[in-house]
Amino acid sequence: MGELYGRSIDEALRRAGSAAQVASVEQSLRTDGPDAGTRRLRVVAGDVDIELLPDRGLDIGQVRYRGVPLAWVSPTGWPRPGASGFGASFGGGLVTTCGLLSFGPPSSDAEGDHPQHGRYSGLSASVRRAEVGADAVVVEATVVEATVLGAHLELRRRVRVPLGEARIELRDEIVNRGAGPVEPMVLYHVNLGWPLVDEGTLLRSPAGRVLPRDAAAEAGAATWAEFPAPARDYPEQVFRHELPADRRVSAEVVASSGLGIRVGFDTASLPAMFQWRVAQDDGLVLGVEPATTATILGRADARAAGLLRALAPGASWELGLDIDVIRDRSET
């Protein structure tokens, strides 16, 4: 068990006037701007301050460690996605879930049309639990992606933030509630930004091989591990990381100060990982993206390559990430 401000958790809670002094979960409703009418959950657990987005499938917005922002946030913020599409409503944040039936560019197959990165981030969650426990803050919710007489998937999400550990545990169970088999596709878009991401920030990957997606990525293939100097015009680069099978692995993003993020996951359930980076001087972003399927080219490409796995009626998949803060070397 971790510590809070130099004391064990039990000691810290005894010394505080209330547990809310060191840990809390607060619900609010946005009243202005493009995200007016959407819900927020703010989780505070010692040094970690987390924004959860119930109307974006309980994805994770900005996260601060001792006041330092870790996630990249786009200029769009988090409006409810509408006809404008993913590109005009992708707010970034620490975790954007892509799926549950497709990720990558818009795609069409026998099951219909799939928008960019799927429909998940436009779905509202039903929050079932939000409380401070003896050793962690826990939020649980259910998200349903369904069509009439078609796929019917239920995602049960649990976000646990242990006290004193600077850690976020995200666990998803995807259940097929429909009458026929479904082939889910899920990608966790972990978006990191300045000041964590800057020239010289390192990505440490468990991959045996790193492959560029296209010509733009090929131009940066030799330096995929080190974030480049910002430029006025820097096209996005995407790399596919080939991972060892059936192992617990982690990818780390570490700034020159020593502050960083570690993303841990199991390749038995998330066998693929992609890297996304843009080094434009008006916004630096580095994405670490564990996924169920080793293509970033959409559902039709995944089907053609034989990469989709069927989920039988009543069956479930368990997916998840552990996200840890790597402390700055200057901390005592």
# chains A, B, ... in the order shown; residues from 1 in each chain; ligands from 1
$ select_by_dssp --residues "segment 140-251 of chain A" --states "strand (DSSP E or B)" --output "VMD selection string"
chain A and resid 140 to 146 152 to 162 167 to 176 182 187 to 193 202 to 204 209 to 212 226 231 237 to 242 248 to 251
$ residues_around --residues "Asp135 of chain A" --least-positions-apart "4" --cutoff "8 Å" --atoms "only C-alpha atoms" --output "list in words"
Ile9, Pro162 and Leu163 of chain A
$ closest_atom_pairs --of "segment 222-264 of chain A" --to "segment 291-295 of chain A" --cutoff "12 Å" --atoms "only C-alpha atoms" --output "CSV"
residue,atom,partner,partner_atom,distance
A:Val238,CA,A:Thr295,CA,11.3
A:Phe239,CA,A:Thr295,CA,10.5
A:Arg240,CA,A:Ala294,CA,7.8
A:His241,CA,A:Ala294,CA,8.9
A:Glu242,CA,A:Ala294,CA,8.4
A:Leu243,CA,A:Ala294,CA,9.9
$ write_last_selection --atoms "all heavy atoms" --output "mmCIF file, in the first residue's frame"
data_model
loop_
_atom_site.group_PDB
_atom_site.id
_atom_site.type_symbol
_atom_site.label_atom_id
_atom_site.label_comp_id
_atom_site.auth_asym_id
_atom_site.auth_seq_id
_atom_site.Cartn_x
_atom_site.Cartn_y
_atom_site.Cartn_z
ATOM 1 N N VAL A 238 2.433 7.581 -37.635
ATOM 2 C CA VAL A 238 1.869 6.437 -36.926
ATOM 3 C C VAL A 238 2.768 5.231 -37.165
ATOM 4 O O VAL A 238 3.162 4.950 -38.304
ATOM 5 C CB VAL A 238 0.430 6.134 -37.396
ATOM 6 C CG1 VAL A 238 -0.103 4.880 -36.707
ATOM 7 C CG2 VAL A 238 -0.486 7.322 -37.109
ATOM 8 N N PHE A 239 3.081 4.516 -36.082
ATOM 9 C CA PHE A 239 3.932 3.339 -36.137
ATOM 10 C C PHE A 239 3.215 2.163 -35.484
ATOM 11 O O PHE A 239 2.499 2.343 -34.487
ATOM 12 C CB PHE A 239 5.253 3.584 -35.407
ATOM 13 C CG PHE A 239 6.009 4.799 -35.883
ATOM 14 C CD1 PHE A 239 5.822 6.027 -35.265
ATOM 15 C CD2 PHE A 239 6.891 4.711 -36.943
ATOM 16 C CE1 PHE A 239 6.512 7.151 -35.689
ATOM 17 C CE2 PHE A 239 7.589 5.832 -37.381
ATOM 18 C CZ PHE A 239 7.398 7.057 -36.762
ATOM 19 N N ARG A 240 3.419 0.990 -36.029
ATOM 20 C CA ARG A 240 2.898 -0.229 -35.418
ATOM 21 C C ARG A 240 4.025 -0.946 -34.695
ATOM 22 O O ARG A 240 5.075 -1.214 -35.273
ATOM 23 C CB ARG A 240 2.279 -1.148 -36.464
ATOM 24 C CG ARG A 240 1.718 -2.449 -35.880
ATOM 25 C CD ARG A 240 0.861 -3.204 -36.881
ATOM 26 N NE ARG A 240 1.603 -3.685 -38.027
ATOM 27 C CZ ARG A 240 2.249 -4.866 -38.054
ATOM 28 N NH1 ARG A 240 2.242 -5.657 -36.995
ATOM 29 N NH2 ARG A 240 2.893 -5.238 -39.140
ATOM 30 N N HIS A 241 3.796 -1.253 -33.414
ATOM 31 C CA HIS A 241 4.790 -1.935 -32.585
ATOM 32 C C HIS A 241 4.426 -3.415 -32.485
ATOM 33 O O HIS A 241 3.337 -3.753 -32.022
ATOM 34 C CB HIS A 241 4.834 -1.310 -31.189
ATOM 35 C CG HIS A 241 5.395 0.077 -31.168
ATOM 36 N ND1 HIS A 241 6.463 0.433 -30.369
ATOM 37 C CD2 HIS A 241 5.057 1.216 -31.851
ATOM 38 C CE1 HIS A 241 6.743 1.710 -30.557
ATOM 39 N NE2 HIS A 241 5.898 2.200 -31.451
ATOM 40 N N GLU A 242 5.312 -4.272 -32.931
ATOM 41 C CA GLU A 242 5.083 -5.714 -32.855
ATOM 42 C C GLU A 242 5.475 -6.205 -31.462
ATOM 43 O O GLU A 242 6.639 -6.098 -31.055
ATOM 44 C CB GLU A 242 5.883 -6.444 -33.932
ATOM 45 C CG GLU A 242 5.383 -6.160 -35.337
ATOM 46 C CD GLU A 242 6.039 -7.041 -36.383
ATOM 47 O OE1 GLU A 242 7.087 -7.667 -36.075
ATOM 48 O OE2 GLU A 242 5.514 -7.114 -37.507
ATOM 49 N N LEU A 243 4.512 -6.762 -30.734
ATOM 50 C CA LEU A 243 4.685 -7.097 -29.322
ATOM 51 C C LEU A 243 4.883 -8.594 -29.118
ATOM 52 O O LEU A 243 4.409 -9.406 -29.916
ATOM 53 C CB LEU A 243 3.453 -6.648 -28.532
ATOM 54 C CG LEU A 243 3.076 -5.167 -28.624
ATOM 55 C CD1 LEU A 243 1.798 -4.920 -27.844
ATOM 56 C CD2 LEU A 243 4.201 -4.285 -28.105
#
$ closest_residue --among "A:Val25, A:Leu58, A:Ala305, A:Leu286" --to "Val138 of chain A" --atoms "only C-alpha atoms"
A:Val25
$ residues_around --residues "Pro69 of chain A" --least-positions-apart "4" --cutoff "12 Å" --atoms "only C-alpha atoms" --output "list in words"
Asp47, Val48, Asp49, Ile50, Glu51, Gly61, Gln62, Val63, Arg64, Tyr65, Val73, Gly93, Leu94, Asn191, Leu192, Gly193, Trp194, Pro195, Leu196, Val197, Leu259, Gly260, Ile261 and Val325 of chain A
$ write_last_selection --atoms "C-alpha atoms" --output "mmCIF file, in the first residue's frame"
data_model
loop_
_atom_site.group_PDB
_atom_site.id
_atom_site.type_symbol
_atom_site.label_atom_id
_atom_site.label_comp_id
_atom_site.auth_asym_id
_atom_site.auth_seq_id
_atom_site.Cartn_x
_atom_site.Cartn_y
_atom_site.Cartn_z
ATOM 1 C CA ASP A 47 -1.187 13.804 -5.657
ATOM 2 C CA VAL A 48 -3.395 12.704 -8.564
ATOM 3 C CA ASP A 49 -6.298 14.768 -9.916
ATOM 4 C CA ILE A 50 -8.372 13.030 -12.627
ATOM 5 C CA GLU A 51 -11.239 14.115 -14.858
ATOM 6 C CA GLY A 61 -9.898 13.533 -19.659
ATOM 7 C CA GLN A 62 -7.097 15.603 -18.180
ATOM 8 C CA VAL A 63 -4.945 14.086 -15.424
ATOM 9 C CA ARG A 64 -2.657 16.152 -13.218
ATOM 10 C CA TYR A 65 0.112 14.909 -10.985
ATOM 11 C CA VAL A 73 -6.231 18.067 -24.811
ATOM 12 C CA GLY A 93 -7.484 13.361 -22.760
ATOM 13 C CA LEU A 94 -5.521 10.586 -21.121
ATOM 14 C CA ASN A 191 -2.786 10.775 -25.375
ATOM 15 C CA LEU A 192 0.166 12.491 -23.708
ATOM 16 C CA GLY A 193 1.057 16.152 -24.101
ATOM 17 C CA TRP A 194 3.285 19.014 -23.023
ATOM 18 C CA PRO A 195 5.133 19.434 -20.671
ATOM 19 C CA LEU A 196 5.580 15.663 -20.458
ATOM 20 C CA VAL A 197 5.988 15.522 -24.250
ATOM 21 C CA LEU A 259 8.643 12.581 -15.082
ATOM 22 C CA GLY A 260 6.789 9.999 -17.100
ATOM 23 C CA ILE A 261 3.898 7.631 -17.663
ATOM 24 C CA VAL A 325 3.119 8.058 -13.003
#
$ residues_around --residues "Gly264 of chain A" --least-positions-apart "6" --cutoff "7 Å" --atoms "only C-alpha atoms" --output "VMD selection string"
chain A and resid 249 to 251 321 to 323
$ residues_around --residues "Gly118 of chain A" --least-positions-apart "4" --cutoff "10 Å" --atoms "only C-alpha atoms" --output "short mmCIF file (atom, residue, chain, number, x, y, z; two decimals) with C-alpha atoms, in the first residue's frame"
data_model
loop_
_atom_site.label_atom_id
_atom_site.label_comp_id
_atom_site.auth_asym_id
_atom_site.auth_seq_id
_atom_site.Cartn_x
_atom_site.Cartn_y
_atom_site.Cartn_z
CA PHE A 86 -14.59 12.39 -34.85
CA THR A 97 -11.66 4.46 -26.16
CA CYS A 98 -12.06 3.59 -29.84
CA GLY A 99 -14.51 0.84 -30.82
CA LEU A 100 -16.38 -1.20 -29.92
CA LEU A 101 -16.78 -2.49 -33.47
CA SER A 102 -14.07 -0.58 -35.33
CA PHE A 103 -11.11 1.72 -35.00
CA GLY A 104 -8.97 3.50 -37.55
CA PRO A 105 -10.40 5.36 -40.59
CA PRO A 106 -14.05 5.12 -41.65
CA SER A 107 -14.77 1.65 -42.97
CA ASP A 113 -20.68 1.55 -42.13
CA HIS A 114 -18.28 2.34 -39.30
CA GLY A 122 -20.26 9.28 -28.49
CA MET A 185 -12.42 -4.09 -32.22
CA VAL A 186 -11.10 -1.93 -29.38
CA LEU A 187 -8.18 0.50 -29.12
CA GLY A 298 -10.16 0.00 -40.18
CA ARG A 299 -12.59 -2.89 -39.84
#
$ atom_distance --atom1 "atom CA of Ile60 of chain A" --atom2 "atom CA of Arg213 of chain A"
26.6 Å
$ closest_residue --among "A:Trp317, A:Phe265, A:Trp276, A:Trp224" --to "Gln237 of chain A" --atoms "only C-alpha atoms"
A:Trp276
$ select_by_dssp --residues "segment 77-220 of chain A" --states "alpha helix (DSSP H)" --output "number ranges by chain"
A: 215-218
$ write_last_selection --atoms "C-alpha atoms" --output "mmCIF file, in the first residue's frame"
data_model
loop_
_atom_site.group_PDB
_atom_site.id
_atom_site.type_symbol
_atom_site.label_atom_id
_atom_site.label_comp_id
_atom_site.auth_asym_id
_atom_site.auth_seq_id
_atom_site.Cartn_x
_atom_site.Cartn_y
_atom_site.Cartn_z
ATOM 1 C CA ALA A 215 5.493 7.524 -46.140
ATOM 2 C CA ALA A 216 5.059 10.243 -43.511
ATOM 3 C CA ALA A 217 5.968 7.772 -40.770
ATOM 4 C CA GLU A 218 8.785 6.292 -42.850
#
$ closest_residue --among "A:Ser108, A:Ser84, A:Gln21, A:Ser74" --to "Leu284 of chain A" --atoms "only C-alpha atoms"
A:Ser74
$ atom_distance --atom1 "atom CA of Glu199 of chain A" --atom2 "atom CA of Pro230 of chain A"
6.9 Å
$ residues_around --residues "segment 26-37 of chain A" --least-positions-apart "2" --cutoff "10 Å" --atoms "only C-alpha atoms" --output "ChimeraX atom specification"
/A:24,39-44,51-52,54-55,76-81,89,130-131
$ write_last_selection --atoms "N, CA, C and O atoms" --output "PDB file, in the first residue's frame"
ATOM      1  N   SER A  24     -11.327  12.252  -2.894  1.00  0.00           N
ATOM      2  CA  SER A  24     -12.738  12.571  -3.117  1.00  0.00           C
ATOM      3  C   SER A  24     -13.127  12.210  -4.535  1.00  0.00           C
ATOM      4  O   SER A  24     -12.287  12.040  -5.419  1.00  0.00           O
ATOM      5  N   ARG A  39     -21.763  15.594 -18.304  1.00  0.00           N
ATOM      6  CA  ARG A  39     -21.352  15.346 -16.924  1.00  0.00           C
ATOM      7  C   ARG A  39     -19.833  15.240 -16.788  1.00  0.00           C
ATOM      8  O   ARG A  39     -19.138  14.879 -17.737  1.00  0.00           O
ATOM      9  N   ARG A  40     -19.364  15.556 -15.590  1.00  0.00           N
ATOM     10  CA  ARG A  40     -17.962  15.364 -15.235  1.00  0.00           C
ATOM     11  C   ARG A  40     -17.882  14.671 -13.874  1.00  0.00           C
ATOM     12  O   ARG A  40     -18.738  14.903 -13.004  1.00  0.00           O
ATOM     13  N   LEU A  41     -16.875  13.858 -13.719  1.00  0.00           N
ATOM     14  CA  LEU A  41     -16.515  13.318 -12.414  1.00  0.00           C
ATOM     15  C   LEU A  41     -15.067  13.700 -12.147  1.00  0.00           C
ATOM     16  O   LEU A  41     -14.179  13.418 -12.965  1.00  0.00           O
ATOM     17  N   ARG A  42     -14.836  14.365 -11.035  1.00  0.00           N
ATOM     18  CA  ARG A  42     -13.469  14.713 -10.648  1.00  0.00           C
ATOM     19  C   ARG A  42     -13.038  13.791  -9.521  1.00  0.00           C
ATOM     20  O   ARG A  42     -13.683  13.743  -8.467  1.00  0.00           O
ATOM     21  N   VAL A  43     -11.958  13.070  -9.753  1.00  0.00           N
ATOM     22  CA  VAL A  43     -11.400  12.149  -8.755  1.00  0.00           C
ATOM     23  C   VAL A  43     -10.085  12.724  -8.251  1.00  0.00           C
ATOM     24  O   VAL A  43      -9.184  13.011  -9.045  1.00  0.00           O
ATOM     25  N   VAL A  44      -9.989  12.911  -6.948  1.00  0.00           N
ATOM     26  CA  VAL A  44      -8.747  13.344  -6.308  1.00  0.00           C
ATOM     27  C   VAL A  44      -8.295  12.240  -5.368  1.00  0.00           C
ATOM     28  O   VAL A  44      -9.062  11.789  -4.517  1.00  0.00           O
ATOM     29  N   GLU A  51      -9.943  13.750 -14.311  1.00  0.00           N
ATOM     30  CA  GLU A  51     -11.239  14.115 -14.858  1.00  0.00           C
ATOM     31  C   GLU A  51     -11.798  12.921 -15.628  1.00  0.00           C
ATOM     32  O   GLU A  51     -11.173  12.424 -16.564  1.00  0.00           O
ATOM     33  N   LEU A  52     -12.987  12.444 -15.232  1.00  0.00           N
ATOM     34  CA  LEU A  52     -13.668  11.369 -15.939  1.00  0.00           C
ATOM     35  C   LEU A  52     -14.855  11.938 -16.701  1.00  0.00           C
ATOM     36  O   LEU A  52     -15.501  12.892 -16.244  1.00  0.00           O
ATOM     37  N   PRO A  54     -18.315  10.875 -18.171  1.00  0.00           N
ATOM     38  CA  PRO A  54     -19.400   9.892 -18.318  1.00  0.00           C
ATOM     39  C   PRO A  54     -20.108   9.942 -19.662  1.00  0.00           C
ATOM     40  O   PRO A  54     -20.588   8.910 -20.146  1.00  0.00           O
ATOM     41  N   ASP A  55     -20.192  11.118 -20.273  1.00  0.00           N
ATOM     42  CA  ASP A  55     -20.873  11.216 -21.556  1.00  0.00           C
ATOM     43  C   ASP A  55     -19.949  10.966 -22.738  1.00  0.00           C
ATOM     44  O   ASP A  55     -20.340  11.177 -23.892  1.00  0.00           O
ATOM     45  N   THR A  76     -10.837  21.084 -29.572  1.00  0.00           N
ATOM     46  CA  THR A  76     -12.280  20.856 -29.633  1.00  0.00           C
ATOM     47  C   THR A  76     -12.900  20.680 -28.255  1.00  0.00           C
ATOM     48  O   THR A  76     -14.107  20.867 -28.093  1.00  0.00           O
ATOM     49  N   GLY A  77     -12.088  20.310 -27.242  1.00  0.00           N
ATOM     50  CA  GLY A  77     -12.676  19.912 -25.968  1.00  0.00           C
ATOM     51  C   GLY A  77     -13.492  18.649 -26.148  1.00  0.00           C
ATOM     52  O   GLY A  77     -13.223  17.838 -27.043  1.00  0.00           O
ATOM     53  N   TRP A  78     -14.531  18.473 -25.305  1.00  0.00           N
ATOM     54  CA  TRP A  78     -15.321  17.240 -25.337  1.00  0.00           C
ATOM     55  C   TRP A  78     -16.810  17.506 -25.557  1.00  0.00           C
ATOM     56  O   TRP A  78     -17.649  17.183 -24.711  1.00  0.00           O
ATOM     57  N   PRO A  79     -17.166  18.073 -26.715  1.00  0.00           N
ATOM     58  CA  PRO A  79     -18.595  18.197 -27.007  1.00  0.00           C
ATOM     59  C   PRO A  79     -19.195  16.827 -27.297  1.00  0.00           C
ATOM     60  O   PRO A  79     -18.470  15.863 -27.562  1.00  0.00           O
ATOM     61  N   ARG A  80     -20.507  16.753 -27.263  1.00  0.00           N
ATOM     62  CA  ARG A  80     -21.145  15.513 -27.703  1.00  0.00           C
ATOM     63  C   ARG A  80     -20.872  15.339 -29.192  1.00  0.00           C
ATOM     64  O   ARG A  80     -21.159  16.235 -29.997  1.00  0.00           O
ATOM     65  N   PRO A  81     -20.312  14.210 -29.623  1.00  0.00           N
ATOM     66  CA  PRO A  81     -20.055  14.027 -31.056  1.00  0.00           C
ATOM     67  C   PRO A  81     -21.358  14.067 -31.845  1.00  0.00           C
ATOM     68  O   PRO A  81     -22.378  13.539 -31.412  1.00  0.00           O
ATOM     69  N   SER A  89     -14.547  16.490 -32.793  1.00  0.00           N
ATOM     70  CA  SER A  89     -14.991  16.271 -31.411  1.00  0.00           C
ATOM     71  C   SER A  89     -14.022  15.419 -30.607  1.00  0.00           C
ATOM     72  O   SER A  89     -14.340  15.008 -29.501  1.00  0.00           O
ATOM     73  N   ALA A 130     -19.623   5.541  -7.458  1.00  0.00           N
ATOM     74  CA  ALA A 130     -18.595   6.570  -7.414  1.00  0.00           C
ATOM     75  C   ALA A 130     -18.358   6.887  -5.939  1.00  0.00           C
ATOM     76  O   ALA A 130     -19.140   7.605  -5.314  1.00  0.00           O
ATOM     77  N   GLU A 131     -17.275   6.325  -5.388  1.00  0.00           N
ATOM     78  CA  GLU A 131     -17.079   6.478  -3.942  1.00  0.00           C
ATOM     79  C   GLU A 131     -15.617   6.343  -3.557  1.00  0.00           C
ATOM     80  O   GLU A 131     -14.804   5.761  -4.289  1.00  0.00           O
TER      81      GLU A 131
END
$ closest_residue --among "A:Val161, A:Ile326, A:Leu4, A:Gln116" --to "Leu297 of chain A" --atoms "only C-alpha atoms"
A:Gln116
$ atom_distance --atom1 "atom CA of Pro290 of chain A" --atom2 "atom CA of Arg232 of chain A"
29.0 Å
$ closest_residue --among "A:Gly67, A:Pro184, A:Gly200, A:Gly133" --to "Ala312 of chain A" --atoms "only C-alpha atoms"
A:Pro184
